[in-house]
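Here is the file protein_39.tsv (TSV, C-alpha atoms).
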chain	number	residue	atom	x	y	z
Q	1	MET	CA	-18.54	17.26	-50.71
Q	2	THR	CA	-22.07	17.01	-52.02
Q	3	THR	CA	-23.05	16.21	-55.55
Q	4	THR	CA	-24.55	18.98	-57.69
Q	5	THR	CA	-27.84	17.64	-58.97
Q	6	ASN	CA	-28.57	20.14	-61.74
Q	7	LYS	CA	-25.31	19.52	-63.63
Q	8	SER	CA	-23.91	16.46	-65.27
Q	9	THR	CA	-21.32	14.43	-63.40
Q	10	ASP	CA	-19.65	13.78	-66.75
Q	11	ALA	CA	-17.07	16.12	-68.22
Q	12	SER	CA	-18.79	16.52	-71.58
Q	13	THR	CA	-22.48	16.40	-72.38
Q	14	GLU	CA	-24.59	17.11	-75.43
Q	15	THR	CA	-28.19	18.03	-76.09
Q	16	THR	CA	-30.63	15.20	-75.58
Q	17	SER	CA	-31.52	14.72	-79.24
Q	18	GLU	CA	-27.94	15.09	-80.49
Q	19	GLY	CA	-26.65	12.70	-77.87
Q	20	LEU	CA	-29.37	10.05	-77.97
Q	21	LEU	CA	-30.83	9.75	-81.46
Q	22	PRO	CA	-27.80	8.00	-83.02
Q	23	LEU	CA	-27.72	5.54	-80.12
Q	24	VAL	CA	-31.48	4.98	-80.37
Q	25	ALA	CA	-30.93	4.15	-84.05
Q	26	ILE	CA	-28.21	1.65	-83.08
Q	27	VAL	CA	-30.50	-0.04	-80.54
Q	28	PHE	CA	-33.41	-0.17	-82.99
Q	29	THR	CA	-31.47	-1.72	-85.89
Q	30	SER	CA	-29.62	-4.10	-83.58
Q	31	PHE	CA	-32.73	-5.30	-81.79
Q	32	LEU	CA	-34.38	-5.99	-85.12
Q	33	CYS	CA	-31.82	-8.79	-85.51
Q	34	ILE	CA	-33.19	-10.23	-82.26
Q	35	GLY	CA	-36.89	-9.63	-82.97
Q	36	ILE	CA	-36.96	-10.83	-86.59
Q	37	PRO	CA	-35.79	-14.42	-85.88
Q	38	LEU	CA	-38.18	-14.96	-82.94
Q	39	PRO	CA	-41.31	-15.94	-84.93
Q	40	ALA	CA	-39.23	-17.66	-87.62
Q	41	LEU	CA	-37.29	-19.96	-85.28
Q	42	PRO	CA	-40.30	-22.12	-84.25
Q	43	LEU	CA	-41.36	-22.47	-87.88
Q	44	HIS	CA	-37.86	-23.52	-88.89
Q	45	VAL	CA	-36.97	-25.80	-85.97
Q	46	ASN	CA	-40.33	-27.56	-85.89
Q	47	GLY	CA	-41.57	-27.31	-89.47
Q	48	VAL	CA	-38.29	-27.70	-91.38
Q	49	LEU	CA	-35.93	-29.55	-89.06
Q	50	GLY	CA	-38.73	-31.60	-87.50
Q	51	PHE	CA	-37.96	-31.18	-83.80
Q	52	SER	CA	-40.48	-31.04	-80.95
Q	53	ALA	CA	-42.02	-28.03	-79.23
Q	54	LEU	CA	-39.71	-28.65	-76.26
Q	55	THR	CA	-36.68	-28.27	-78.52
Q	56	VAL	CA	-38.21	-25.12	-80.00
Q	57	GLY	CA	-38.54	-23.72	-76.49
Q	58	TRP	CA	-34.89	-24.35	-75.73
Q	59	VAL	CA	-33.71	-22.83	-79.01
Q	60	VAL	CA	-35.78	-19.70	-78.46
Q	61	GLY	CA	-35.10	-19.37	-74.74
Q	62	ILE	CA	-31.39	-20.14	-74.57
Q	63	GLN	CA	-30.49	-16.62	-75.68
Q	64	SER	CA	-32.08	-15.13	-72.53
Q	65	PHE	CA	-30.04	-17.37	-70.25
Q	66	SER	CA	-26.91	-16.66	-72.27
Q	67	THR	CA	-27.59	-12.94	-71.88
Q	68	ILE	CA	-28.00	-13.23	-68.10
Q	69	PHE	CA	-24.69	-15.03	-67.65
Q	70	SER	CA	-22.83	-12.52	-69.84
Q	71	ARG	CA	-24.12	-9.38	-68.09
Q	72	LYS	CA	-21.26	-9.16	-65.58
Q	73	PHE	CA	-18.62	-9.49	-68.27
Q	74	SER	CA	-20.24	-6.94	-70.57
Q	75	GLY	CA	-20.65	-4.39	-67.78
Q	76	SER	CA	-17.08	-4.77	-66.57
Q	77	TYR	CA	-15.76	-4.64	-70.14
Q	78	CYS	CA	-17.70	-1.45	-70.80
Q	79	ASP	CA	-16.24	0.18	-67.69
Q	80	ARG	CA	-12.67	-0.89	-68.47
Q	81	HIS	CA	-12.58	-0.18	-72.21
Q	82	GLY	CA	-15.37	2.34	-72.79
Q	83	PRO	CA	-18.91	1.96	-74.15
Q	84	LYS	CA	-17.93	2.50	-77.79
Q	85	ARG	CA	-15.57	-0.49	-77.66
Q	86	ALA	CA	-18.31	-2.65	-76.09
Q	87	VAL	CA	-20.76	-1.68	-78.85
Q	88	SER	CA	-18.11	-2.19	-81.53
Q	89	ILE	CA	-17.51	-5.76	-80.35
Q	90	GLY	CA	-21.13	-6.68	-79.57
Q	91	LEU	CA	-22.51	-5.74	-82.99
Q	92	PRO	CA	-20.05	-7.84	-85.07
Q	93	MET	CA	-20.67	-10.69	-82.62
Q	94	ALA	CA	-24.38	-10.43	-83.44
Q	95	SER	CA	-23.51	-10.63	-87.14
Q	96	VAL	CA	-21.46	-13.78	-86.49
Q	97	ALA	CA	-24.49	-15.25	-84.73
Q	98	GLY	CA	-26.48	-14.53	-87.90
Q	99	LEU	CA	-23.71	-16.20	-89.92
Q	100	LEU	CA	-24.12	-19.32	-87.79
Q	101	TYR	CA	-27.88	-19.19	-88.44
Q	102	LEU	CA	-27.07	-19.12	-92.14
Q	103	ALA	CA	-24.51	-21.93	-91.88
Q	104	SER	CA	-27.10	-24.11	-90.16
Q	105	THR	CA	-29.36	-23.88	-93.24
Q	106	MET	CA	-26.58	-25.33	-95.41
Q	107	ILE	CA	-26.22	-28.52	-93.35
Q	108	ALA	CA	-28.28	-31.48	-94.53
Q	109	ASP	CA	-28.26	-33.39	-91.25
Q	110	ALA	CA	-31.00	-32.01	-89.00
Q	111	GLY	CA	-29.17	-32.76	-85.75
Q	112	THR	CA	-25.95	-31.03	-86.83
Q	113	SER	CA	-27.93	-28.11	-88.24
Q	114	LEU	CA	-29.67	-27.71	-84.89
Q	115	VAL	CA	-26.35	-27.72	-83.01
Q	116	VAL	CA	-24.93	-24.93	-85.20
Q	117	LEU	CA	-28.14	-22.92	-84.83
Q	118	PHE	CA	-28.02	-23.45	-81.06
Q	119	ILE	CA	-24.44	-22.10	-80.93
Q	120	GLY	CA	-25.61	-19.04	-82.84
Q	121	ARG	CA	-28.35	-18.47	-80.29
Q	122	LEU	CA	-25.82	-18.81	-77.46
Q	123	LEU	CA	-23.55	-16.24	-79.11
Q	124	MET	CA	-26.39	-13.73	-79.57
Q	125	GLY	CA	-26.75	-13.49	-75.77
Q	126	PRO	CA	-23.39	-11.85	-75.00
Q	127	ALA	CA	-23.67	-9.86	-78.25
Q	128	GLU	CA	-26.92	-8.29	-77.02
Q	129	SER	CA	-25.47	-7.75	-73.56
Q	130	LEU	CA	-22.43	-5.90	-74.94
Q	131	PHE	CA	-24.18	-3.61	-77.41
Q	132	LEU	CA	-27.11	-2.80	-75.13
Q	133	THR	CA	-24.98	-2.13	-72.05
Q	134	GLY	CA	-22.64	-0.09	-74.22
Q	135	THR	CA	-25.35	2.06	-75.81
Q	136	MET	CA	-27.09	2.65	-72.47
Q	137	THR	CA	-23.86	3.67	-70.75
Q	138	TRP	CA	-22.79	5.70	-73.77
Q	139	GLY	CA	-26.10	7.56	-73.76
Q	140	ILE	CA	-25.82	8.49	-70.07
Q	141	GLY	CA	-22.28	9.71	-70.67
Q	142	ARG	CA	-23.25	11.79	-73.72
Q	143	VAL	CA	-26.25	13.65	-72.27
Q	144	GLY	CA	-25.46	13.60	-68.55
Q	145	MET	CA	-26.36	11.66	-65.44
Q	146	GLN	CA	-29.31	13.99	-64.76
Q	147	ARG	CA	-31.03	12.61	-67.88
Q	148	THR	CA	-30.65	8.92	-67.01
Q	149	GLY	CA	-34.40	8.38	-67.05
Q	150	LYS	CA	-34.77	9.84	-70.53
Q	151	VAL	CA	-31.87	7.71	-71.83
Q	152	MET	CA	-33.52	4.54	-70.54
Q	153	ALA	CA	-36.95	5.61	-71.77
Q	154	TRP	CA	-35.86	6.41	-75.32
Q	155	GLN	CA	-33.72	3.32	-75.70
Q	156	GLY	CA	-36.55	1.25	-74.25
Q	157	ILE	CA	-38.85	2.59	-76.97
Q	158	ALA	CA	-36.28	1.51	-79.58
Q	159	MET	CA	-36.07	-1.98	-78.06
Q	160	PHE	CA	-39.81	-2.59	-77.89
Q	161	ALA	CA	-40.46	-1.01	-81.29
Q	162	ALA	CA	-37.84	-3.31	-82.83
Q	163	LEU	CA	-39.22	-6.39	-81.09
Q	164	GLY	CA	-42.78	-5.46	-82.09
Q	165	LEU	CA	-41.89	-4.74	-85.71
Q	166	GLY	CA	-39.59	-7.74	-85.85
Q	167	ALA	CA	-42.40	-10.27	-85.50
Q	168	PRO	CA	-44.38	-9.42	-88.69
Q	169	VAL	CA	-41.18	-8.69	-90.62
Q	170	GLY	CA	-39.69	-12.01	-89.56
Q	171	ILE	CA	-42.78	-13.93	-90.63
Q	172	ALA	CA	-42.86	-12.12	-93.99
Q	173	ILE	CA	-39.19	-12.88	-94.68
Q	174	GLN	CA	-39.63	-16.49	-93.61
Q	175	GLN	CA	-42.61	-16.98	-95.92
Q	176	ARG	CA	-40.84	-15.50	-98.95
Q	177	PHE	CA	-37.18	-16.44	-98.51
Q	178	GLY	CA	-37.21	-19.11	-95.82
Q	179	PHE	CA	-34.94	-19.13	-92.79
Q	180	THR	CA	-31.99	-18.32	-95.08
Q	181	GLY	CA	-33.47	-14.85	-95.60
Q	182	VAL	CA	-33.95	-14.43	-91.87
Q	183	ALA	CA	-30.31	-15.40	-91.26
Q	184	LEU	CA	-29.00	-12.97	-93.89
Q	185	THR	CA	-31.08	-10.15	-92.42
Q	186	THR	CA	-29.72	-10.99	-88.97
Q	187	MET	CA	-26.18	-10.79	-90.34
Q	188	LEU	CA	-26.61	-7.42	-92.05
Q	189	LEU	CA	-28.62	-5.35	-89.55
Q	190	PRO	CA	-25.89	-5.09	-86.87
Q	191	MET	CA	-23.55	-3.68	-89.53
Q	192	VAL	CA	-25.92	-0.71	-89.92
Q	193	GLY	CA	-25.59	-0.03	-86.21
Q	194	LEU	CA	-21.82	-0.49	-86.39
Q	195	ALA	CA	-21.59	2.12	-89.16
Q	196	ILE	CA	-23.50	4.62	-86.99
Q	197	ALA	CA	-21.30	3.84	-83.97
Q	198	ALA	CA	-18.13	4.38	-86.02
Q	199	MET	CA	-19.16	7.99	-86.70
Q	200	LEU	CA	-19.72	8.86	-83.02
Q	201	ARG	CA	-17.18	10.20	-80.58
Q	202	GLY	CA	-16.24	7.69	-77.92
Q	203	LEU	CA	-16.11	8.33	-74.18
Q	204	PRO	CA	-13.23	7.68	-71.80
Q	205	ALA	CA	-13.19	4.36	-69.99
Q	206	LEU	CA	-13.89	5.67	-66.49
Q	207	GLY	CA	-13.26	2.25	-64.97
Q	208	SER	CA	-9.66	2.42	-66.18
Q	209	LYS	CA	-9.02	5.16	-63.61
Q	210	GLY	CA	-9.24	2.57	-60.86
Q	211	GLY	CA	-11.62	2.00	-57.99
Q	212	GLY	CA	-14.07	-0.23	-59.81
Q	213	VAL	CA	-16.86	-1.65	-57.69
Q	214	ALA	CA	-17.29	-5.41	-57.40
Q	215	MET	CA	-20.51	-6.89	-58.74
Q	216	SER	CA	-21.49	-7.98	-55.23
Q	217	GLU	CA	-21.25	-4.35	-54.11
Q	218	VAL	CA	-23.26	-3.18	-57.13
Q	219	LEU	CA	-25.94	-5.74	-56.26
Q	220	ARG	CA	-25.99	-4.49	-52.67
Q	221	LEU	CA	-26.52	-0.93	-53.89
Q	222	ILE	CA	-29.21	-1.55	-56.51
Q	223	TRP	CA	-30.92	-4.86	-55.64
Q	224	ARG	CA	-34.04	-3.16	-54.29
Q	225	PHE	CA	-34.66	-1.29	-57.54
Q	226	GLY	CA	-33.71	-4.23	-59.74
Q	227	LEU	CA	-36.06	-6.54	-57.87
Q	228	ALA	CA	-38.86	-3.96	-58.05
Q	229	LEU	CA	-38.25	-3.79	-61.80
Q	230	ALA	CA	-38.33	-7.59	-62.14
Q	231	LEU	CA	-41.60	-7.86	-60.21
Q	232	SER	CA	-43.24	-5.06	-62.19
Q	233	ALA	CA	-42.04	-6.66	-65.44
Q	234	MET	CA	-43.90	-9.88	-64.63
Q	235	PRO	CA	-47.30	-8.53	-65.83
Q	236	PHE	CA	-45.71	-7.66	-69.18
Q	237	ALA	CA	-44.32	-11.20	-69.50
Q	238	ILE	CA	-47.70	-12.64	-68.47
Q	239	ILE	CA	-49.56	-10.60	-71.10
Q	240	THR	CA	-47.19	-11.55	-73.92
Q	241	SER	CA	-47.35	-15.23	-72.96
Q	242	PHE	CA	-50.95	-15.81	-71.88
Q	243	LEU	CA	-53.31	-13.01	-72.96
Q	244	VAL	CA	-54.06	-14.63	-76.32
Q	245	LEU	CA	-54.87	-17.89	-74.54
Q	246	LEU	CA	-57.18	-16.07	-72.09
Q	247	TYR	CA	-59.13	-14.65	-75.05
Q	248	ALA	CA	-59.21	-18.02	-76.82
Q	249	THR	CA	-60.43	-19.85	-73.70
Q	250	ASN	CA	-63.32	-17.40	-73.30
Q	251	ASN	CA	-64.09	-17.36	-77.05
Q	252	TRP	CA	-63.39	-13.64	-77.19
Q	253	SER	CA	-62.15	-11.82	-80.28
Q	254	GLY	CA	-59.75	-8.90	-80.27
Q	255	ALA	CA	-56.66	-10.25	-78.51
Q	256	GLY	CA	-54.47	-8.56	-81.10
Q	257	ILE	CA	-56.21	-5.24	-80.52
Q	258	ALA	CA	-55.68	-5.63	-76.76
Q	259	ILE	CA	-51.95	-6.24	-77.24
Q	260	LEU	CA	-51.83	-3.25	-79.57
Q	261	GLY	CA	-53.46	-1.25	-76.77
Q	262	PHE	CA	-50.72	-2.33	-74.39
Q	263	SER	CA	-48.07	-1.21	-76.88
Q	264	ALA	CA	-49.85	2.09	-77.55
Q	265	GLY	CA	-50.11	2.88	-73.84
Q	266	TYR	CA	-46.50	1.90	-73.26
Q	267	VAL	CA	-45.04	3.91	-76.13
Q	268	GLY	CA	-47.39	6.88	-75.71
Q	269	VAL	CA	-46.44	7.43	-72.07
Q	270	ARG	CA	-42.74	7.17	-72.90
Q	271	LEU	CA	-43.03	9.64	-75.75
Q	272	PHE	CA	-44.78	12.34	-73.72
Q	273	PHE	CA	-43.70	11.71	-70.12
Q	274	ALA	CA	-40.17	10.26	-70.34
Q	275	HIS	CA	-38.84	13.37	-68.55
Q	276	LEU	CA	-40.83	12.76	-65.35
Q	277	PRO	CA	-38.42	10.36	-63.55
Q	278	ASP	CA	-35.59	12.88	-64.01
Q	279	ARG	CA	-37.74	15.87	-63.11
Q	280	ILE	CA	-39.76	14.74	-60.09
Q	281	GLY	CA	-37.87	11.63	-59.03
Q	282	GLY	CA	-37.86	7.95	-59.88
Q	283	ALA	CA	-39.37	6.89	-56.55
Q	284	LYS	CA	-42.62	8.85	-56.98
Q	285	VAL	CA	-43.05	8.11	-60.68
Q	286	GLY	CA	-42.26	4.43	-60.16
Q	287	ALA	CA	-44.79	4.06	-57.35
Q	288	VAL	CA	-47.58	5.74	-59.32
Q	289	SER	CA	-46.70	3.69	-62.41
Q	290	VAL	CA	-46.87	0.36	-60.60
Q	291	ALA	CA	-50.13	1.38	-58.93
Q	292	ILE	CA	-51.65	1.92	-62.40
Q	293	GLU	CA	-50.20	-1.40	-63.52
Q	294	LEU	CA	-51.77	-3.08	-60.47
Q	295	VAL	CA	-55.23	-1.74	-61.43
Q	296	GLY	CA	-54.74	-3.13	-64.94
Q	297	GLN	CA	-53.86	-6.60	-63.62
Q	298	LEU	CA	-56.85	-6.63	-61.27
Q	299	LEU	CA	-59.14	-5.74	-64.19
Q	300	LEU	CA	-57.68	-8.61	-66.22
Q	301	TRP	CA	-58.10	-11.00	-63.28
Q	302	GLN	CA	-61.77	-10.09	-62.91
Q	303	SER	CA	-62.52	-9.53	-66.60
Q	304	HIS	CA	-65.84	-10.93	-67.83
Q	305	ASP	CA	-65.70	-9.54	-71.36
Q	306	PRO	CA	-63.04	-8.48	-73.88
Q	307	ILE	CA	-63.65	-4.77	-73.26
Q	308	MET	CA	-62.74	-5.09	-69.59
Q	309	ALA	CA	-59.73	-7.23	-70.49
Q	310	GLY	CA	-58.65	-4.71	-73.12
Q	311	LEU	CA	-58.88	-1.87	-70.62
Q	312	GLY	CA	-56.80	-3.87	-68.14
Q	313	THR	CA	-54.18	-4.51	-70.83
Q	314	LEU	CA	-54.06	-0.82	-71.77
Q	315	LEU	CA	-53.61	0.25	-68.13
Q	316	THR	CA	-50.87	-2.34	-67.67
Q	317	GLY	CA	-48.99	-0.86	-70.63
Q	318	ILE	CA	-49.44	2.69	-69.33
Q	319	GLY	CA	-48.26	1.67	-65.86
Q	320	PHE	CA	-45.29	-0.43	-66.94
Q	321	SER	CA	-43.97	2.22	-69.32
Q	322	LEU	CA	-41.99	4.34	-66.86
Q	323	VAL	CA	-41.01	1.69	-64.33
Q	324	PHE	CA	-37.73	0.88	-66.08
Q	325	PRO	CA	-36.46	4.49	-66.29
Q	326	SER	CA	-37.81	5.28	-62.81
Q	327	MET	CA	-35.98	2.41	-61.16
Q	328	GLY	CA	-32.98	3.09	-63.39
Q	329	VAL	CA	-32.69	6.66	-62.09
Q	330	GLN	CA	-32.75	5.33	-58.54
Q	331	ALA	CA	-30.21	2.60	-59.21
Q	332	MET	CA	-27.70	4.67	-61.21
Q	333	ALA	CA	-27.68	7.40	-58.57
Q	334	ARG	CA	-26.22	4.93	-56.10
Q	335	VAL	CA	-23.31	3.66	-58.17
Q	336	PRO	CA	-20.02	5.48	-58.90
Q	337	ALA	CA	-19.63	6.67	-62.49
Q	338	HIS	CA	-16.61	4.46	-63.10
Q	339	SER	CA	-18.76	1.36	-62.48
Q	340	ARG	CA	-21.78	2.57	-64.44
Q	341	GLY	CA	-21.47	-0.10	-67.16
Q	342	LEU	CA	-21.51	-2.90	-64.60
Q	343	ALA	CA	-24.46	-1.23	-62.87
Q	344	VAL	CA	-26.44	-0.99	-66.13
Q	345	ALA	CA	-25.69	-4.62	-66.98
Q	346	THR	CA	-26.61	-5.85	-63.49
Q	347	PHE	CA	-29.79	-3.78	-63.47
Q	348	MET	CA	-30.90	-5.15	-66.83
Q	349	ALA	CA	-30.23	-8.71	-65.70
Q	350	PHE	CA	-33.29	-8.37	-63.47
Q	351	ILE	CA	-35.45	-8.04	-66.60
Q	352	ASP	CA	-33.81	-11.17	-68.02
Q	353	LEU	CA	-34.62	-12.95	-64.77
Q	354	ALA	CA	-38.27	-11.91	-64.93
Q	355	ALA	CA	-38.53	-12.97	-68.57
Q	356	GLY	CA	-37.00	-16.35	-67.88
Q	357	LEU	CA	-38.94	-17.27	-64.73
Q	358	THR	CA	-42.40	-15.78	-65.27
Q	359	GLY	CA	-43.58	-18.22	-67.93
Q	360	PRO	CA	-42.77	-21.47	-66.10
Q	361	VAL	CA	-43.97	-20.23	-62.69
Q	362	VAL	CA	-47.22	-18.73	-63.96
Q	363	GLY	CA	-47.75	-21.75	-66.22
Q	364	VAL	CA	-47.90	-23.97	-63.12
Q	365	LEU	CA	-50.49	-21.64	-61.54
Q	366	ILE	CA	-52.61	-21.73	-64.68
Q	367	GLY	CA	-52.51	-25.53	-64.64
Q	368	PHE	CA	-54.10	-25.55	-61.19
Q	369	PHE	CA	-56.33	-22.46	-61.17
Q	370	GLY	CA	-56.96	-21.38	-64.78
Q	371	TYR	CA	-55.90	-18.38	-66.84
Q	372	GLY	CA	-57.36	-15.80	-64.48
Q	373	SER	CA	-54.80	-16.75	-61.85
Q	374	ALA	CA	-52.01	-15.52	-64.14
Q	375	PHE	CA	-53.18	-11.93	-63.75
Q	376	LEU	CA	-53.77	-12.34	-60.01
Q	377	ALA	CA	-50.11	-13.38	-59.85
Q	378	GLY	CA	-49.27	-10.23	-61.81
Q	379	ALA	CA	-51.24	-8.14	-59.30
Q	380	VAL	CA	-49.40	-9.75	-56.38
Q	381	ALA	CA	-46.09	-9.00	-58.11
Q	382	CYS	CA	-47.14	-5.34	-58.42
Q	383	VAL	CA	-47.99	-5.16	-54.72
Q	384	LEU	CA	-44.58	-6.58	-53.82
Q	385	ALA	CA	-42.90	-4.10	-56.16
Q	386	LEU	CA	-44.81	-1.23	-54.52
Q	387	LEU	CA	-43.72	-2.39	-51.06
Q	388	LEU	CA	-40.08	-2.42	-52.19
Q	389	MET	CA	-40.41	1.06	-53.69
Q	390	VAL	CA	-42.14	2.57	-50.68
Q	391	SER	CA	-39.68	1.02	-48.24
Q	392	GLY	CA	-36.79	2.44	-50.27
Q	393	MET	CA	-38.10	5.99	-50.58
Q	394	SER	CA	-36.51	7.16	-47.36
Q	395	ARG	CA	-33.06	5.79	-48.25
Q	396	ALA	CA	-30.79	8.50	-49.57
Q	397	PRO	CA	-28.72	7.65	-52.65
Q	398	ALA	CA	-25.03	7.06	-52.35
Q	399	ARG	CA	-22.73	9.90	-53.30
Q	400	GLN	CA	-21.95	10.04	-57.01
Q	401	GLN	CA	-18.35	10.06	-58.17
Q	402	ALA	CA	-17.60	11.77	-61.44
With the file now loaded, output its structure as structure tokens.
Amino acid sequence: MTTTTNKSTDASTETTSEGLLPLVAIVFTSFLCIGIPLPALPLHVNGVLGFSALTVGWVVGIQSFSTIFSRKFSGSYCDRHGPKRAVSIGLPMASVAGLLYLASTMIADAGTSLVVLFIGRLLMGPAESLFLTGTMTWGIGRVGMQRTGKVMAWQGIAMFAALGLGAPVGIAIQQRFGFTGVALTTMLLPMVGLAIAAMLRGLPALGSKGGGVAMSEVLRLIWRFGLALALSAMPFAIITSFLVLLYATNNWSGAGIAILGFSAGYVGVRLFFAHLPDRIGGAKVGAVSVAIELVGQLLLWQSHDPIMAGLGTLLTGIGFSLVFPSMGVQAMARVPAHSRGLAVATFMAFIDLAAGLTGPVVGVLIGFFGYGSAFLAGAVACVLALLLMVSGMSRAPARQQA
């Protein structure tokens, strides 16, 4: 029995805007509680508590590792209990993490304060994993499997917009109210998302019907697309970590404008072309996207002036924009509906992996060969991603189960 491609595999779907906008609002407000503390944490841990840059790195980075290790649980929980339940647990957990941030500011001893803050950062990992996996799975269920690419594109816009806005907002709050203000904001924002979630109709827990797929089987089905995503996400991680240093080393001005160009290209493509992976296929859109990203990285590698570097950054943003929804369409088409939460969580873990490994690996290359080598590494990653995509184009997706 073949799967009908022009109809949803879910029993009940809604229009795209009706189904997605409330969930986009949840993702945006919730990710603000992740983006706002990021610039404030180094100032607090180093400037107030007096710890080293190494300690700052661990405090900032531990959330990513915590998120990776909680992905399997959050995906399985979402499948067993439904996406609304996952969101409704993840958001209060994020507020508790903010409460721990606040508690750490009330402790006089710097070491004890750091420990409490560290526990809060650890807790924010599974909180993010639960509410993001839940909203992504909820969105696919509300608007239909055939709009998977649009779900991932819109929620991706909310994530990056929140992270981008969070940085200046976090600095402003820190300067006026100190880290206490940052902690209070982190506590309150998830409650906004929780209020929105409470008003939405939940979906049945498809995993409760039996036949759930093991994580090893999910990995077997989607690894190619997850790895392609991780490789194509490396240039983004490289730009956020090292572009400013490339400009500083060459005594160029305009690094901020270049990063703004990346964001503009990324968001602009998603706003106007988010439908393409669903309409013409994730394989074709993904391959073209990574090819554009590759050109951007090569321009950055060979850049001799800030204009060339800015153009390379813009093209990287344009190219990277649709890789996530394109690979997501491919991956979700291969996993039964009752294991969709686990599939979403496993798929997103590849981004966590790229974010965690790119900095240290590329940092070693820069130490030996200079900042230009970072973008050559990004270009190589794009080539490998393209090879994975092209080699997977002829593989038919597994049959969907409603």
message = Counting only C-alpha atoms, which residue out of Q:Gly341, Q:Thr316, Q:Gly125, Q:Gly261 sits closest to Q:Arg80?
response =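 Closest to Q:Arg80 of all the choices is Q:Gly341.
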ask   = atom CA of Q:Val182 and atom CA of Q:Glu128 are how many Å apart?
value = 17.5 Å
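With distances restricted to all atoms listed in the file, Q:Pro190 is the closest residue to Q:Met93 from Q:Pro190, Q:Gly282, Q:Pro37, Q:Gly178.
In this structure, atom CA of Q:Val116 sits 26.6 Å away from atom CA of Q:Gly164.
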Nearest residue to Q:Phe369 from the set Q:Phe350, Q:Trp301, Q:Phe236, Q:Phe131 (distances using all atoms listed in the file) = Q:Trp301
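In this structure, atom CA of Q:Leu376 sits 17.1 Å away from atom CA of Q:Asn250.
Residue nearest Q:Gly281, chosen from Q:Gly149, Q:Gly378, Q:Gly181, Q:Ser263 and counting only C-alpha atoms: Q:Gly149.
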task = Name the residues in contact with stretch 353-365 of chain Q at a cut-off of 12 Å, using only C-alpha atoms, excluding same-chain residues fewer than 6 positions from it; report them as a VMD selection string.
result = chain Q and resid 57 to 58 60 to 69 71 226 to 242 245 346 to 347 371 to 378 380 to 381
inquiry  = Taking all atoms listed in the file into account, name the residue in Q:Leu294, Q:Leu299, Q:Cys33, Q:Leu221 that is nearest to Q:Ala97.
reply    =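 Looking only at the distances to Q:Ala97, the closest residue turns out to be Q:Cys33.
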